[in-house]
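See structure below.
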Amino acid sequence: MKRISLAVGAAALAASIAATGPASYATAAATPDGAARATLTGFASLPAQTFVPGSEPSGSQIGTAPINGVTPPFAGQPVQGFSGIVRRGDGTFDVLSDNGYGNKANSADFLLRVHRIKPDFRAGTVDVLGGFNLSDPRGRVPWPLTRADRKLTGADFDVESIVRADDGTYWIGDEFGPFLLHFSARGTLLEAPIELPGVKAPENPTLNGAPPNLAGSKGFEGMARSADGRWLYPLLEGTVNGDPAGTLRMNEFDVRKRAYTGKRWTYRLDSPANAIGDAIAVDEHRFLIIERDNNQGDAAALKRVYLADNRDRDRDGAMDKTLAADLLNLANPKGLGGFGETFRFPFQTIEDAVILDDRTLGILNDNNFPFSSGRTPGRPDNDEFITVRLPWRLHAR
């Protein structure tokens, strides 16, 4: 794998110059790595204390002491934890809330949900238009669930990635299995959870006393969909026991056959202490992957979007990656959001990426409500939706 000295590899650089002109590329601002700098083009924010209207109480298992100035439990279900995004093409997006309050033990009263949102970048706000809970009324899950009504909770699955099929159904990646989950357009589970062969996390209910070979909640953090919808590419957040430290498996899943094909690639983290936040497809070979450290605020040192290519690999077989955007060093010439000429996205977990056009990405944070306080110490983070213009074209398909 090449270390990052330019924003793109040779092939992408040639394509970028052809599309944008050598002068515009040469005069772009640079990051400390020497890479061309991405630019903030939109900023919108959803207040941390936004709750689903008329929803059930939540947060009873995280104590009663104030957390970042907010005192649990809560009268409703927070609209938080955005861990996956789907573009609907009409200015709205589906965003996936993850398992709730951080782990299986404290999230039994957090209902898994897909929210419909609409950012208004002129006003700097995000509207929540509705959404739906995830449930299993048909009994597709073969093991006991938390609730008798079979509404799914953060104690049942840790949902972290989502794609929308052409038929309007959703494929969602879970970390507890790790499992692939197939839901209807209204959130009904359509078939039994699909396991990843040979990989089990400690939360997997089918362990039956066998040892896990993946760390807790390190399953499918990202999942890409091929342009034709035939293939899914779920990416683990953690390293499988026995694999080189800091390498993450990406597997190919055949949607028609409902089976893994056996094809597999690896993504190598800059540091084994890092994690990925999302993975989306650019074309049949290239993927945009969010990589992050586990820090927030001033301590945050690495929050990046990389372009990974499964045709170009290092000696150990890991996908080559090149820097697309440094989220801690975005140019902000218009002072969007009331910030200065350099914009930082300093959140602990940044878990949503979506292609808006051939040079623009939408990026969202997971605010881990009420725990994360990367923007303002002592205050729970809002859910921020930013748009980022890349210094070169993706030539996405």
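Scheme for the structure tokens: letters A, B, ... for chains in order shown; per-chain residue numbers from 1; ligand numbers from 1 in order shown.
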Sort by chain and increasing residue number a table of all residues of range 195-263 of chain A within 12 Å of range 308-330 of chain A, each with its closest pair of atoms and their distance in Å to one decimal, counting only C-alpha atoms, and write it as a tab-separated table.
```
residue	atom	partner	partner_atom	distance
A:Tyr233	CA	A:Asn310	CA	11.7
A:Asp243	CA	A:Asp316	CA	10.7
A:Pro244	CA	A:Asp316	CA	9.0
A:Ala245	CA	A:Asp316	CA	11.8
A:Gly246	CA	A:Ala318	CA	10.5
A:Thr247	CA	A:Ala318	CA	7.5
A:Leu248	CA	A:Ala318	CA	8.8
A:Arg249	CA	A:Ala318	CA	9.3
A:Met250	CA	A:Asn310	CA	10.0
A:Asn251	CA	A:Asn310	CA	11.6
A:Glu252	CA	A:Asn310	CA	11.9
A:Lys263	CA	A:Asn310	CA	11.1
```
| message | With only C-alpha atoms as the counted atoms, please give the residues lying no more than 8 Å from range 146-150 of chain A, apart from itself and same-chain residues fewer than 6 positions off, as a ChimeraX atom specification. | response | /A:108,135-137,139,156
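You can rank A:Thr342, A:Thr206, A:Asn68, A:Asn367 by their closest distance to Pro178 in chain A using only C-alpha atoms, and at the top of that list sits A:Thr206.
Residues with any atom within 9 Å of Glu191 in chain A, counting only C-alpha atoms and excluding same-chain neighbours fewer than 4 positions away, are Arg138, Gly139, Arg140, Val141, Leu181, His182 and Phe183 of chain A.
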Using only N, CA and C atoms, please write the residues we just selected to a file, as a compact mmCIF listing (two decimals), in the first residue's frame.
```txt
# COMPACT_ATOMS: atom_id res chain seq x y z
N ARG A 138 -42.89 -11.27 11.83
CA ARG A 138 -43.06 -12.58 11.19
C ARG A 138 -42.19 -13.66 11.82
N GLY A 139 -41.43 -13.30 12.83
CA GLY A 139 -40.63 -14.30 13.54
C GLY A 139 -39.45 -14.82 12.75
N ARG A 140 -38.81 -13.98 11.96
CA ARG A 140 -37.66 -14.43 11.18
C ARG A 140 -36.42 -14.66 12.04
N VAL A 141 -36.30 -13.93 13.15
CA VAL A 141 -35.17 -14.13 14.06
C VAL A 141 -35.44 -15.39 14.87
N LEU A 181 -29.17 -8.03 7.45
CA LEU A 181 -30.59 -8.01 7.76
C LEU A 181 -31.33 -7.37 6.59
N HIS A 182 -32.40 -8.03 6.13
CA HIS A 182 -33.15 -7.56 4.98
C HIS A 182 -34.54 -7.13 5.45
N PHE A 183 -34.85 -5.85 5.25
CA PHE A 183 -36.10 -5.27 5.73
C PHE A 183 -36.95 -4.76 4.57
```
| query | With only C-alpha atoms as the atoms that count, which of A:Arg164, A:Arg122, A:Arg258, A:Arg393 lies nearest to Ala192 in chain A? | reply | A:Arg258
